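> Please find entry.pdb (PDB, C-alpha atoms) on the next line:
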ATOM      1  CA  MET A  27      12.576 -10.547   3.745
ATOM      2  CA  ARG A  28      12.617  -7.568   6.068
ATOM      3  CA  PHE A  29      10.676  -8.977   9.004
ATOM      4  CA  PRO A  30      11.802  -9.227  12.649
ATOM      5  CA  PRO A  31      12.700 -12.736  13.864
ATOM      6  CA  PHE A  32      10.490 -12.582  16.993
ATOM      7  CA  ASP A  33      12.779 -14.861  18.994
ATOM      8  CA  ASP A  34      10.950 -13.533  22.048
ATOM      9  CA  ARG A  35       7.298 -13.480  21.063
ATOM     10  CA  GLY A  36       6.059 -12.291  24.444
ATOM     11  CA  THR A  37       2.268 -12.150  24.341
ATOM     12  CA  LEU A  38       2.144 -12.404  20.542
ATOM     13  CA  THR A  39       0.045 -15.430  19.599
ATOM     14  CA  THR A  40       0.826 -17.894  16.824
ATOM     15  CA  ILE A  41      -2.146 -16.843  14.708
ATOM     16  CA  GLU A  42      -1.250 -13.143  15.049
ATOM     17  CA  LEU A  43       2.352 -13.799  14.063
ATOM     18  CA  GLU A  44       1.456 -16.094  11.159
ATOM     19  CA  ALA A  45      -1.056 -13.594   9.805
ATOM     20  CA  LEU A  46       1.453 -10.741  10.029
ATOM     21  CA  TRP A  47       4.136 -12.797   8.302
ATOM     22  CA  SER A  48       1.832 -13.998   5.527
ATOM     23  CA  LEU A  49       0.532 -10.501   4.759
ATOM     24  CA  HIS A  50       4.087  -9.186   4.806
ATOM     25  CA  GLY A  51       5.192 -11.730   2.233
ATOM     26  CA  ALA A  52       2.129 -10.974   0.095
ATOM     27  CA  TRP A  53       2.550  -7.208  -0.103
ATOM     28  CA  LEU A  54       6.329  -7.399  -0.486
ATOM     29  CA  THR A  55       6.017  -9.783  -3.437
ATOM     30  CA  ALA A  56       3.327  -7.613  -5.021
ATOM     31  CA  ARG A  57       5.488  -4.547  -4.430
ATOM     32  CA  TYR A  58       8.427  -5.995  -6.360
ATOM     33  CA  GLU A  59       6.103  -7.016  -9.191
ATOM     34  CA  TRP A  60       4.629  -3.515  -9.247
ATOM     35  CA  GLN A  61       8.068  -1.915  -9.411
ATOM     36  CA  SER A  62       9.017  -4.254 -12.262
ATOM     37  CA  ALA A  63       5.739  -3.406 -14.012
ATOM     38  CA  ILE A  64       6.534   0.303 -13.767
ATOM     39  CA  ALA A  65       9.955  -0.236 -15.363
ATOM     40  CA  LEU A  66       8.367  -2.331 -18.098
ATOM     41  CA  TRP A  67       5.664   0.240 -18.770
ATOM     42  CA  ASP A  68       8.194   3.094 -18.919
ATOM     43  CA  ARG A  69      10.241   1.221 -21.505
ATOM     44  CA  LEU A  70       7.209   0.355 -23.597
ATOM     45  CA  ASP A  71       5.807   3.859 -23.290
ATOM     46  CA  THR A  72       8.978   5.192 -24.902
ATOM     47  CA  ALA A  73       8.574   2.676 -27.721
ATOM     48  CA  HIS A  74       4.928   3.699 -27.967
ATOM     49  CA  HIS A  75       5.860   7.337 -28.538
ATOM     50  CA  LEU A  76       8.414   6.350 -31.151
ATOM     51  CA  ALA A  77       5.793   4.238 -32.891
ATOM     52  CA  ASP A  78       3.408   7.196 -32.884
ATOM     53  CA  LEU A  79       6.051   9.344 -34.560
ATOM     54  CA  ARG A  80       6.522   6.708 -37.260
ATOM     55  CA  SER A  81       2.755   6.398 -37.719
ATOM     56  CA  THR A  82       2.557  10.011 -38.914
ATOM     57  CA  GLU A  83       4.572   8.980 -41.973
ATOM     58  CA  ARG A  84       1.984   6.279 -42.781
ATOM     59  CA  PRO A  85       4.369   3.457 -43.775
ATOM     60  CA  PRO A  86       2.749   0.646 -45.810
ATOM     61  CA  PHE A  87       3.068  -1.872 -42.968
ATOM     62  CA  GLN A  88       2.259  -0.908 -39.373
ATOM     63  CA  TYR A  89       2.639  -4.213 -37.558
ATOM     64  CA  TYR A  90       5.349  -2.737 -35.357
ATOM     65  CA  GLU A  91       3.054   0.072 -34.221
ATOM     66  CA  GLU A  92       0.182  -2.328 -33.597
ATOM     67  CA  ALA A  93       2.352  -4.687 -31.550
ATOM     68  CA  VAL A  94       3.753  -1.874 -29.404
ATOM     69  CA  HIS A  95       0.298  -0.448 -28.735
ATOM     70  CA  GLU A  96      -1.113  -3.829 -27.729
ATOM     71  CA  ILE A  97       1.760  -4.715 -25.433
ATOM     72  CA  THR A  98       1.803  -1.252 -23.845
ATOM     73  CA  SER A  99      -1.898  -1.547 -23.071
ATOM     74  CA  GLY A 100      -1.299  -4.918 -21.431
ATOM     75  CA  ALA A 101       1.635  -3.544 -19.432
ATOM     76  CA  ASN A 102      -0.527  -0.685 -18.175
ATOM     77  CA  ASP A 103      -3.178  -3.157 -17.027
ATOM     78  CA  TYR A 104      -0.535  -5.265 -15.276
ATOM     79  CA  GLU A 105       0.900  -2.215 -13.510
ATOM     80  CA  ARG A 106      -2.513  -1.367 -12.083
ATOM     81  CA  LEU A 107      -3.206  -4.994 -11.143
ATOM     82  CA  THR A 108       0.037  -5.346  -9.196
ATOM     83  CA  ALA A 109      -0.409  -1.938  -7.561
ATOM     84  CA  LEU A 110      -3.907  -2.735  -6.334
ATOM     85  CA  THR A 111      -2.790  -6.175  -5.155
ATOM     86  CA  ALA A 112       0.070  -4.580  -3.239
ATOM     87  CA  TRP A 113      -2.326  -2.013  -1.804
ATOM     88  CA  ARG A 114      -4.794  -4.661  -0.617
ATOM     89  CA  TYR A 115      -2.209  -6.662   1.290
ATOM     90  CA  ALA A 116      -0.140  -3.728   2.562
ATOM     91  CA  ALA A 117      -3.227  -1.944   3.868
ATOM     92  CA  SER A 118      -4.347  -5.153   5.605
ATOM     93  CA  ALA A 119      -0.859  -5.651   7.057
ATOM     94  CA  ALA A 120      -0.836  -2.087   8.374
ATOM     95  CA  VAL A 121      -4.245  -2.291  10.023
ATOM     96  CA  LEU A 122      -3.605  -5.731  11.536
ATOM     97  CA  GLY A 123      -0.118  -4.734  12.659
ATOM     98  CA  ILE A 124      -1.294  -1.500  14.282
ATOM     99  CA  THR A 125      -4.092  -3.360  16.055
ATOM    100  CA  VAL A 126      -1.636  -5.949  17.405
ATOM    101  CA  LEU A 127       0.895  -3.265  18.336
ATOM    102  CA  GLU A 128      -1.713  -1.377  20.354
ATOM    103  CA  ARG A 129      -2.890  -4.624  21.966
ATOM    104  CA  VAL A 130       0.606  -5.674  23.041
ATOM    105  CA  ALA A 131       1.571  -2.193  24.237
ATOM    106  CA  GLN A 132      -1.556  -1.882  26.358
ATOM    107  CA  ALA A 133      -1.494  -5.513  27.550
ATOM    108  CA  LYS A 134      -4.907  -6.284  26.077
ATOM    109  CA  PRO A 135      -6.122  -9.887  25.561
ATOM    110  CA  PRO A 136      -4.968 -11.647  22.360
ATOM    111  CA  LEU A 137      -7.075 -11.269  19.258
ATOM    112  CA  THR A 138      -9.425 -14.121  18.464
ATOM    113  CA  ALA A 139      -8.910 -16.169  15.307
ATOM    114  CA  SER A 140     -12.014 -14.638  13.714
ATOM    115  CA  ALA A 141     -10.824 -11.118  14.559
ATOM    116  CA  VAL A 142      -7.439 -11.809  12.969
ATOM    117  CA  GLU A 143      -9.053 -13.231   9.834
ATOM    118  CA  GLN A 144     -11.313 -10.199   9.544
ATOM    119  CA  LEU A 145      -8.366  -7.808   9.923
ATOM    120  CA  CYS A 146      -6.565  -9.673   7.140
ATOM    121  CA  GLN A 147      -9.212  -8.467   4.674
ATOM    122  CA  GLU A 148      -8.686  -5.246   2.755
ATOM    123  CA  PRO A 149      -9.726  -2.336   4.975
ATOM    124  CA  THR A 150     -11.849   0.518   3.764
ATOM    125  CA  LEU A 151     -10.069   3.814   3.230
ATOM    126  CA  GLY A 152     -11.697   5.162   6.365
ATOM    127  CA  ARG A 153     -10.606   2.151   8.430
ATOM    128  CA  LEU A 154      -7.029   2.579   7.265
ATOM    129  CA  ARG A 155      -7.123   6.251   8.164
ATOM    130  CA  GLU A 156      -8.545   5.366  11.583
ATOM    131  CA  ALA A 157      -5.702   2.897  12.199
ATOM    132  CA  LEU A 158      -3.126   5.514  11.190
ATOM    133  CA  SER A 159      -4.590   7.823  13.833
ATOM    134  CA  VAL A 160      -3.470   5.485  16.619
ATOM    135  CA  PRO A 161      -0.515   7.149  18.454
ATOM    136  CA  ALA A 162       1.663   4.109  17.786
ATOM    137  CA  ALA A 163       4.920   6.068  18.046
ATOM    138  CA  ASP A 164       4.157   6.698  21.715
ATOM    139  CA  PHE A 165       4.136   2.945  22.351
ATOM    140  CA  LEU A 166       7.756   2.507  21.295
ATOM    141  CA  PRO A 167      10.440   2.497  24.012
ATOM    142  CA  ALA A 168      12.936   5.317  23.625
ATOM    143  CA  ARG A 169      16.398   4.398  22.425
ATOM    144  CA  GLU A 170      19.393   5.904  24.131
ATOM    145  CA  ARG A 171      22.020   7.974  22.333
ATOM    146  CA  ARG A 172      19.913   8.707  19.313
ATOM    147  CA  PHE A 173      20.774  11.785  17.269
ATOM    148  CA  ARG A 174      17.238  12.120  15.980
ATOM    149  CA  ASP A 175      13.769  11.703  17.373
ATOM    150  CA  GLU A 176      12.631   8.576  15.535
ATOM    151  CA  ARG A 177       9.281   8.524  17.278
ATOM    152  CA  LYS A 178       8.558  12.050  16.076
ATOM    153  CA  GLU A 179       9.610  11.089  12.547
ATOM    154  CA  MET A 180       7.339   8.052  12.661
ATOM    155  CA  ALA A 181       4.378  10.166  13.786
ATOM    156  CA  GLU A 182       5.061  12.620  10.962
ATOM    157  CA  ARG A 183       5.203   9.810   8.366
ATOM    158  CA  TRP A 184       1.888   8.445   9.547
ATOM    159  CA  ALA A 185       0.309  11.905   9.517
ATOM    160  CA  GLN A 186       1.459  12.432   5.917
ATOM    161  CA  LEU A 187       0.006   9.068   4.908
ATOM    162  CA  ARG A 188      -3.274   9.966   6.627
ATOM    163  CA  ASP A 189      -3.378  13.141   4.556
ATOM    164  CA  GLY A 190      -2.728  11.026   1.461
ATOM    165  CA  VAL A 191      -5.619   8.735   2.341
ATOM    166  CA  ASP A 192      -7.847  11.798   2.753
ATOM    167  CA  THR A 193      -6.838  12.880  -0.750
ATOM    168  CA  ALA A 194      -7.604   9.388  -2.069
ATOM    169  CA  ILE A 195     -11.069   9.589  -0.509
ATOM    170  CA  GLU A 196     -11.673  12.877  -2.331
ATOM    171  CA  ILE A 197     -10.497  11.352  -5.619
ATOM    172  CA  VAL A 198     -12.908   8.440  -5.198
ATOM    173  CA  VAL A 199     -15.764  10.939  -4.920
ATOM    174  CA  GLU A 200     -14.512  12.852  -7.974
ATOM    175  CA  ASN A 201     -14.227   9.648 -10.015
ATOM    176  CA  ALA A 202     -17.803   8.724  -9.101
ATOM    177  CA  GLU A 203     -18.984  12.165 -10.203
ATOM    178  CA  ASP A 204     -17.128  11.883 -13.521
ATOM    179  CA  GLU A 205     -18.629   8.434 -14.103
ATOM    180  CA  GLY A 206     -22.098   9.591 -13.173
ATOM    181  CA  ALA A 207     -22.217   6.958 -10.451
ATOM    182  CA  ALA A 208     -24.803   7.198  -7.683
ATOM    183  CA  HIS A 209     -22.270   6.150  -5.056
ATOM    184  CA  PRO A 210     -20.225   7.496  -3.372
ATOM    185  CA  GLN A 211     -21.381  11.107  -3.330
ATOM    186  CA  THR A 212     -19.739  12.269  -0.104
ATOM    187  CA  LYS A 213     -16.369  11.818   1.548
ATOM    188  CA  LYS A 214     -18.089   9.906   4.339
ATOM    189  CA  GLU A 215     -19.454   7.422   1.813
ATOM    190  CA  ALA A 216     -16.072   7.207   0.074
ATOM    191  CA  ALA A 217     -14.393   6.457   3.394
ATOM    192  CA  GLY A 218     -16.444   3.271   3.504
ATOM    193  CA  CYS A 219     -15.128   2.166   0.102
ATOM    194  CA  LEU A 220     -12.342  -0.208  -0.836
ATOM    195  CA  MET A 221      -9.519   1.196  -2.935
ATOM    196  CA  THR A 222      -9.503  -1.872  -5.182
ATOM    197  CA  GLU A 223     -13.178  -1.423  -6.060
ATOM    198  CA  HIS A 224     -12.962   2.290  -6.845
ATOM    199  CA  SER A 225      -9.962   2.618  -9.146
ATOM    200  CA  PRO A 226     -11.409   2.662 -12.695
ATOM    201  CA  PRO A 227      -8.767   1.607 -15.259
ATOM    202  CA  HIS A 228      -9.306   4.710 -17.408
ATOM    203  CA  THR A 229      -8.698   7.171 -14.534
ATOM    204  CA  ASP A 230      -5.525   8.351 -12.830
ATOM    205  CA  PRO A 231      -4.530   5.803 -10.162
ATOM    206  CA  VAL A 232      -6.086   6.587  -6.782
ATOM    207  CA  TYR A 233      -3.071   4.976  -5.110
ATOM    208  CA  GLN A 234      -0.591   7.323  -6.775
ATOM    209  CA  GLY A 235       1.623   8.993  -4.191
ATOM    210  CA  ILE A 236       0.477   6.948  -1.199
ATOM    211  CA  LEU A 237       1.390   3.376  -2.083
ATOM    212  CA  GLU A 238       5.102   3.723  -1.315
ATOM    213  CA  PRO A 239       4.454   5.485   2.050
ATOM    214  CA  LEU A 240       2.028   2.677   2.904
ATOM    215  CA  PHE A 241       4.815   0.151   2.295
ATOM    216  CA  VAL A 242       6.978   1.999   4.824
ATOM    217  CA  VAL A 243       4.276   1.821   7.489
ATOM    218  CA  ALA A 244       3.473  -1.832   6.759
ATOM    219  CA  GLU A 245       7.154  -2.687   7.121
ATOM    220  CA  GLU A 246       7.886  -0.744  10.290
ATOM    221  CA  VAL A 247       4.894  -1.921  12.326
ATOM    222  CA  PRO A 248       6.186  -5.505  12.956
ATOM    223  CA  TYR A 249       9.471  -4.016  14.155
ATOM    224  CA  GLY A 250       7.484  -1.784  16.472
ATOM    225  CA  ILE A 251       5.746  -4.828  17.913
ATOM    226  CA  SER A 252       9.114  -6.530  18.374
ATOM    227  CA  ARG A 253      10.535  -3.486  20.169
ATOM    228  CA  VAL A 254       7.548  -3.207  22.502
ATOM    229  CA  ILE A 255       7.870  -6.887  23.422
ATOM    230  CA  ALA A 256      11.619  -6.594  23.998
ATOM    231  CA  GLY A 257      11.178  -3.456  26.101
ATOM    232  CA  ARG A 258       8.647  -4.926  28.503
TER     233      ARG A 258
END
Kindly return the structure encoded in the file as C-alpha coordinates.

Amino acid sequence: MRFPPFDDRGTLTTIELEALWSLHGAWLTARYEWQSAIALWDRLDTAHHLADLRSTERPPFQYYEEAVHEITSGANDYERLTALTAWRYAASAAVLGITVLERVAQAKPPLTASAVEQLCQEPTLGRLREALSVPAADFLPARERRFRDERKEMAERWAQLRDGVDTAIEIVVENAEDEGAAHPQTKKEAAGCLMTEHSPPHTDPVYQGILEPLFVVAEEVPYGISRVIAGR
(Lines of atoms letter the chains of each structure in order from A and count residues from 1; the text may use other names and numbers.)
(Lines give C-alpha, C1' and ligand atoms only; values in the text may rest on other atoms or scores of the structure.)
Protein backbone atom coordinates (compact mmCIF):
# COMPACT_ATOMS: atom_id res chain seq x y z
CA MET A 1 0.00 0.00 0.00
CA ARG A 2 1.32 3.41 -0.96
CA PHE A 3 1.47 5.06 2.45
CA PRO A 4 4.51 6.63 4.15
CA PRO A 5 6.01 4.63 7.04
CA PHE A 6 6.03 7.57 9.51
CA ASP A 7 9.10 6.29 11.35
CA ASP A 8 9.35 9.81 12.76
CA ARG A 9 5.81 10.78 13.66
CA GLY A 10 6.74 14.15 15.11
CA THR A 11 3.59 15.77 16.47
CA LEU A 12 1.29 13.34 14.66
CA THR A 13 -0.91 11.60 17.23
CA THR A 14 -1.84 7.93 17.23
CA ILE A 15 -5.51 8.59 16.51
CA GLU A 16 -4.65 10.92 13.60
CA LEU A 17 -2.28 8.37 12.10
CA GLU A 18 -4.65 5.43 12.58
CA ALA A 19 -7.53 7.34 11.02
CA LEU A 20 -5.41 8.35 8.02
CA TRP A 21 -4.18 4.79 7.52
CA SER A 22 -7.65 3.25 7.84
CA LEU A 23 -9.22 5.69 5.36
CA HIS A 24 -6.32 5.11 2.99
CA GLY A 25 -6.87 1.37 3.03
CA ALA A 26 -10.62 1.86 2.55
CA TRP A 27 -10.46 4.10 -0.51
CA LEU A 28 -7.60 2.16 -2.10
CA THR A 29 -9.52 -1.11 -1.81
CA ALA A 30 -12.67 0.51 -3.18
CA ARG A 31 -10.63 2.03 -6.00
CA TYR A 32 -9.33 -1.35 -7.16
CA GLU A 33 -12.84 -2.79 -7.00
CA TRP A 34 -14.14 0.15 -9.02
CA GLN A 35 -11.47 -0.31 -11.68
CA SER A 36 -12.31 -4.02 -11.87
CA ALA A 37 -16.01 -3.14 -12.12
CA ILE A 38 -15.29 -0.82 -15.05
CA ALA A 39 -13.42 -3.59 -16.89
CA LEU A 40 -16.26 -6.00 -16.19
CA TRP A 41 -18.90 -3.55 -17.36
CA ASP A 42 -16.98 -2.77 -20.57
CA ARG A 43 -16.78 -6.47 -21.41
CA LEU A 44 -20.44 -7.06 -20.68
CA ASP A 45 -21.47 -3.92 -22.53
CA THR A 46 -19.85 -5.33 -25.67
CA ALA A 47 -21.77 -8.57 -25.17
CA HIS A 48 -24.90 -6.51 -24.59
CA HIS A 49 -24.54 -4.79 -27.96
CA LEU A 50 -23.96 -8.12 -29.68
CA ALA A 51 -27.06 -9.51 -28.00
CA ASP A 52 -29.06 -6.51 -29.22
CA LEU A 53 -27.92 -7.19 -32.78
CA ARG A 54 -29.05 -10.81 -32.48
CA SER A 55 -32.38 -9.72 -30.99
CA THR A 56 -33.30 -7.93 -34.22
CA GLU A 57 -33.42 -11.33 -35.93
CA ARG A 58 -35.94 -12.56 -33.33
CA PRO A 59 -34.52 -16.06 -32.74
CA PRO A 60 -36.97 -18.52 -31.11
CA PHE A 61 -35.01 -18.62 -27.84
CA GLN A 62 -33.60 -15.44 -26.28
CA TYR A 63 -32.18 -16.72 -23.02
CA TYR A 64 -28.72 -15.52 -24.01
CA GLU A 65 -29.98 -11.98 -24.54
CA GLU A 66 -31.92 -12.01 -21.28
CA ALA A 67 -28.92 -13.27 -19.30
CA VAL A 68 -26.58 -10.65 -20.78
CA HIS A 69 -29.04 -7.84 -20.08
CA GLU A 70 -29.54 -8.91 -16.47
CA ILE A 71 -25.85 -9.31 -15.73
CA THR A 72 -24.96 -6.03 -17.45
CA SER A 73 -27.52 -4.21 -15.32
CA GLY A 74 -26.01 -5.73 -12.19
CA ALA A 75 -22.49 -4.82 -13.30
CA ASN A 76 -23.57 -1.22 -13.86
CA ASP A 77 -25.02 -1.08 -10.35
CA TYR A 78 -21.81 -2.54 -8.91
CA GLU A 79 -19.68 -0.01 -10.78
CA ARG A 80 -21.64 2.86 -9.26
CA LEU A 81 -21.59 1.28 -5.80
CA THR A 82 -17.82 0.87 -5.79
CA ALA A 83 -17.30 4.35 -7.24
CA LEU A 84 -19.42 6.02 -4.58
CA THR A 85 -17.76 3.95 -1.86
CA ALA A 86 -14.35 5.00 -3.15
CA TRP A 87 -15.52 8.61 -3.30
CA ARG A 88 -16.79 8.58 0.29
CA TYR A 89 -13.54 7.31 1.76
CA ALA A 90 -11.17 9.19 -0.56
CA ALA A 91 -12.96 12.48 0.08
CA SER A 92 -12.80 11.85 3.84
CA ALA A 93 -9.11 10.94 3.59
CA ALA A 94 -8.39 14.13 1.66
CA VAL A 95 -10.21 16.42 4.07
CA LEU A 96 -8.74 14.76 7.17
CA GLY A 97 -5.27 14.66 5.64
CA ILE A 98 -5.35 18.31 4.60
CA THR A 99 -6.56 19.31 8.06
CA VAL A 100 -3.73 17.36 9.71
CA LEU A 101 -1.18 18.68 7.22
CA GLU A 102 -2.17 22.27 7.96
CA ARG A 103 -2.13 21.56 11.71
CA VAL A 104 1.36 20.04 11.66
CA ALA A 105 2.77 22.71 9.34
CA GLN A 106 1.45 25.52 11.52
CA ALA A 107 2.26 23.77 14.82
CA LYS A 108 -1.36 23.78 15.97
CA PRO A 109 -2.58 21.55 18.84
CA PRO A 110 -3.46 17.93 17.94
CA LEU A 111 -6.98 17.18 16.84
CA THR A 112 -9.30 15.76 19.46
CA ALA A 113 -10.68 12.24 19.06
CA SER A 114 -14.16 13.60 18.31
CA ALA A 115 -12.77 15.99 15.69
CA VAL A 116 -10.92 13.14 13.98
CA GLU A 117 -14.03 10.94 13.98
CA GLN A 118 -16.09 13.76 12.50
CA LEU A 119 -13.52 14.37 9.75
CA CYS A 120 -13.63 10.66 8.90
CA GLN A 121 -17.24 11.08 7.74
CA GLU A 122 -17.99 11.86 4.11
CA PRO A 123 -17.60 15.61 3.58
CA THR A 124 -20.09 17.69 1.67
CA LEU A 125 -19.01 18.84 -1.77
CA GLY A 126 -18.54 22.34 -0.41
CA ARG A 127 -16.40 21.11 2.49
CA LEU A 128 -14.17 19.19 0.10
CA ARG A 129 -13.79 22.25 -2.08
CA GLU A 130 -12.95 24.33 0.99
CA ALA A 131 -10.23 21.85 2.00
CA LEU A 132 -8.77 21.93 -1.51
CA SER A 133 -8.47 25.70 -1.20
CA VAL A 134 -5.90 25.36 1.58
CA PRO A 135 -2.46 26.36 0.16
CA ALA A 136 -1.02 22.99 1.17
CA ALA A 137 1.75 23.11 -1.45
CA ASP A 138 3.25 26.09 0.37
CA PHE A 139 3.67 23.95 3.50
CA LEU A 140 6.01 21.50 1.79
CA PRO A 141 9.77 22.03 2.19
CA ALA A 142 11.53 22.65 -1.11
CA ARG A 143 13.67 19.85 -2.47
CA GLU A 144 17.07 20.65 -3.87
CA ARG A 145 18.12 19.85 -7.43
CA ARG A 146 14.64 19.39 -8.75
CA PHE A 147 14.10 19.86 -12.48
CA ARG A 148 10.47 20.78 -12.00
CA ASP A 149 8.46 22.80 -9.54
CA GLU A 150 6.52 20.05 -7.77
CA ARG A 151 4.81 22.47 -5.44
CA LYS A 152 3.46 24.42 -8.40
CA GLU A 153 2.28 21.18 -10.02
CA MET A 154 0.56 20.16 -6.80
CA ALA A 155 -1.24 23.50 -6.56
CA GLU A 156 -2.37 23.15 -10.18
CA ARG A 157 -3.71 19.62 -9.56
CA TRP A 158 -5.70 20.80 -6.58
CA ALA A 159 -7.06 23.78 -8.52
CA GLN A 160 -8.23 21.46 -11.32
CA LEU A 161 -9.93 19.19 -8.80
CA ARG A 162 -11.62 22.21 -7.21
CA ASP A 163 -12.97 23.13 -10.63
CA GLY A 164 -14.19 19.55 -11.00
CA VAL A 165 -15.99 19.75 -7.67
CA ASP A 166 -17.63 23.00 -8.82
CA THR A 167 -18.86 21.17 -11.91
CA ALA A 168 -20.18 18.34 -9.74
CA ILE A 169 -22.10 20.87 -7.65
CA GLU A 170 -23.71 22.23 -10.82
CA ILE A 171 -24.63 18.71 -11.95
CA VAL A 172 -26.30 18.01 -8.60
CA VAL A 173 -28.51 21.06 -9.14
CA GLU A 174 -29.30 19.97 -12.71
CA ASN A 175 -30.19 16.44 -11.56
CA ALA A 176 -32.55 17.87 -8.95
CA GLU A 177 -34.22 20.02 -11.61
CA ASP A 178 -34.63 17.03 -13.94
CA GLU A 179 -36.12 14.98 -11.11
CA GLY A 180 -38.43 17.78 -10.06
CA ALA A 181 -36.90 17.71 -6.60
CA ALA A 182 -37.40 20.64 -4.23
CA HIS A 183 -33.80 20.47 -3.06
CA PRO A 184 -31.18 21.55 -3.97
CA GLN A 185 -32.16 24.49 -6.15
CA THR A 186 -28.98 26.55 -5.92
CA LYS A 187 -25.27 25.84 -6.05
CA LYS A 188 -25.01 26.97 -2.44
CA GLU A 189 -27.54 24.33 -1.42
CA ALA A 190 -25.79 21.71 -3.56
CA ALA A 191 -22.48 22.53 -1.89
CA GLY A 192 -24.03 21.30 1.35
CA CYS A 193 -24.91 17.94 -0.20
CA LEU A 194 -23.14 14.60 -0.08
CA MET A 195 -22.09 13.09 -3.39
CA THR A 196 -23.32 9.65 -2.34
CA GLU A 197 -26.83 10.95 -1.67
CA HIS A 198 -27.18 12.89 -4.93
CA SER A 199 -26.08 10.45 -7.62
CA PRO A 200 -29.32 8.93 -8.99
CA PRO A 201 -28.64 5.55 -10.66
CA HIS A 202 -30.38 6.56 -13.90
CA THR A 203 -28.26 9.71 -14.41
CA ASP A 204 -24.71 10.22 -15.63
CA PRO A 205 -22.31 9.71 -12.71
CA VAL A 206 -21.63 12.94 -10.83
CA TYR A 207 -18.17 11.61 -9.95
CA GLN A 208 -17.16 11.15 -13.59
CA GLY A 209 -13.89 12.92 -14.31
CA ILE A 210 -13.05 13.84 -10.72
CA LEU A 211 -12.75 10.51 -8.93
CA GLU A 212 -9.29 9.66 -10.27
CA PRO A 213 -7.90 13.17 -9.49
CA LEU A 214 -9.33 12.81 -5.97
CA PHE A 215 -7.36 9.57 -5.56
CA VAL A 216 -4.17 11.45 -6.43
CA VAL A 217 -4.82 14.09 -3.77
CA ALA A 218 -5.83 11.52 -1.14
CA GLU A 219 -2.60 9.62 -1.80
CA GLU A 220 -0.21 12.55 -1.81
CA VAL A 221 -1.44 14.25 1.36
CA PRO A 222 0.05 11.68 3.83
CA TYR A 223 3.39 12.04 2.06
CA GLY A 224 3.07 15.79 2.46
CA ILE A 225 2.55 15.34 6.19
CA SER A 226 5.59 13.06 6.34
CA ARG A 227 7.73 15.61 4.49
CA VAL A 228 6.65 18.47 6.75
CA ILE A 229 7.52 16.42 9.83
CA ALA A 230 10.90 15.40 8.42
CA GLY A 231 11.70 18.98 7.42
CA ARG A 232 11.06 20.51 10.82
> Using all atoms listed in the file, pick whichever of A:Pro30, A:Pro227, A:Pro135, A:Gly100 has the shortest atom-to-atom distance to Leu66 in chain A.
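Using all atoms listed in the file, the shortest distance to Leu66 in chain A belongs to A:Gly100.
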> Applying the PyMOL selection byres ((chain A and resi 183) around 12) to the file I just gave you, which residues come out? Please list them as a list in words.
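Here the PyMOL selection byres ((chain A and resi 183) around 12) matches Leu158, Ser159, Pro161, Ala162, Ala163, Glu176, Arg177, Lys178, Glu179, Met180, Ala181, Glu182, Trp184, Ala185, Gln186, Leu187, Arg188, Asp189, Gly190, Ile236, Glu238, Pro239, Leu240, Phe241, Val242, Val243, Ala244 and Glu246 of chain A.
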> Could you tell me which of A:Arg129, A:Arg69, A:Arg57, A:His95 comes closest to Ala112 in chain A if we count only C-alpha atoms?
A:Arg57
> For Glu128 in chain A, list every protein, DNA or RNA residue within 9 Å, evaluated using all atoms listed in the file, and leave out those in the same chain fewer than 5 positions away; present the list as an MDAnalysis selection string.
chainID A and resid 123 133:134 160:162 165 251
> A:Leu70, A:Ala202, A:Ala116, A:Leu166: which is nearest Pro149 in chain A, counting only C-alpha atoms?
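The closest residue to Pro149 in chain A is A:Ala116.
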> Using all atoms listed in the file, determine which residues lie at most 12 Å from Thr55 in chain A, disregarding the query and same-chain residues fewer than 2 positions distant; provide the list as a VMD selection string.
chain A and resid 27 to 28 48 to 53 57 to 62 108 to 109 111 to 113 115 to 116 241
> Work out how far CA of Leu107 in chain A is from CA of Pro210 in chain A, in Å to one decimal.
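Between CA of Pro210 in chain A and CA of Leu107 in chain A the gap is 22.5 Å.
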> Just checking: using all atoms listed in the file, which residue out of A:Met221, A:Val94, A:Ala73, A:Val199 ends up closest to Ser118 in chain A?
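When distances to Ser118 in chain A are compared using all atoms listed in the file, the smallest one comes from A:Met221.
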> With distances taken over all atoms listed in the file, which residue among A:Leu122, A:Leu110, A:Leu137, A:Ile197 lies nearest Leu38 in chain A?
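Closest to Leu38 in chain A of all the choices is A:Leu137.
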> Suppose a student applies the PyMOL selection byres ((chain A and resi 215) around 12) to this structure; what residues should they get, written as a CSV table (one decimal) with C-alpha atoms, in the coordinates of the input?

chain,number,residue,atom,x,y,z
A,150,THR,CA,-11.8,0.5,3.8
A,151,LEU,CA,-10.1,3.8,3.2
A,152,GLY,CA,-11.7,5.2,6.4
A,195,ILE,CA,-11.1,9.6,-0.5
A,196,GLU,CA,-11.7,12.9,-2.3
A,198,VAL,CA,-12.9,8.4,-5.2
A,199,VAL,CA,-15.8,10.9,-4.9
A,202,ALA,CA,-17.8,8.7,-9.1
A,208,ALA,CA,-24.8,7.2,-7.7
A,209,HIS,CA,-22.3,6.2,-5.1
A,210,PRO,CA,-20.2,7.5,-3.4
A,211,GLN,CA,-21.4,11.1,-3.3
A,212,THR,CA,-19.7,12.3,-0.1
A,213,LYS,CA,-16.4,11.8,1.5
A,214,LYS,CA,-18.1,9.9,4.3
A,216,ALA,CA,-16.1,7.2,0.1
A,217,ALA,CA,-14.4,6.5,3.4
A,218,GLY,CA,-16.4,3.3,3.5
A,219,CYS,CA,-15.1,2.2,0.1
A,220,LEU,CA,-12.3,-0.2,-0.8
A,224,HIS,CA,-13.0,2.3,-6.8
> Which residue, A:Pro31, A:Ala56, A:Gly257, A:Ala45, has the smallest gap to Arg169 in chain A when you use all atoms listed in the file?
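Once distances to Arg169 in chain A are computed over all atoms listed in the file, the minimum belongs to A:Gly257.
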> Where's the centre, and what are the edge lengths in Å to one decimal, of a box along x, y and z enclosing all listed atoms of range 124-128 of chain A padded 6 Å per side, as JSON?

{"center_x": -1.6, "center_y": -3.7, "center_z": 17.3, "size_x": 17.0, "size_y": 16.6, "size_z": 18.1}
> CA of Phe32 in chain A and CA of Val247 in chain A are how many Å apart?
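Calculated distance between CA of Phe32 in chain A and CA of Val247 in chain A is 12.9 Å.
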> Expressed in Å to a single decimal, how great is the separation between CA of Leu54 in chain A and CA of Thr72 in chain A?
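Between these atoms lies a distance of 27.6 Å.
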> Could you name the residues that touch Ala139 in chain A at 12 Å or less, counting all atoms listed in the file, but leaving out those on the same chain fewer than 5 positions away, as a list in words?
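Selected residues are Thr39, Thr40, Ile41, Glu42, Leu43, Glu44, Ala45, Gln144, Leu145 and Cys146 of chain A.
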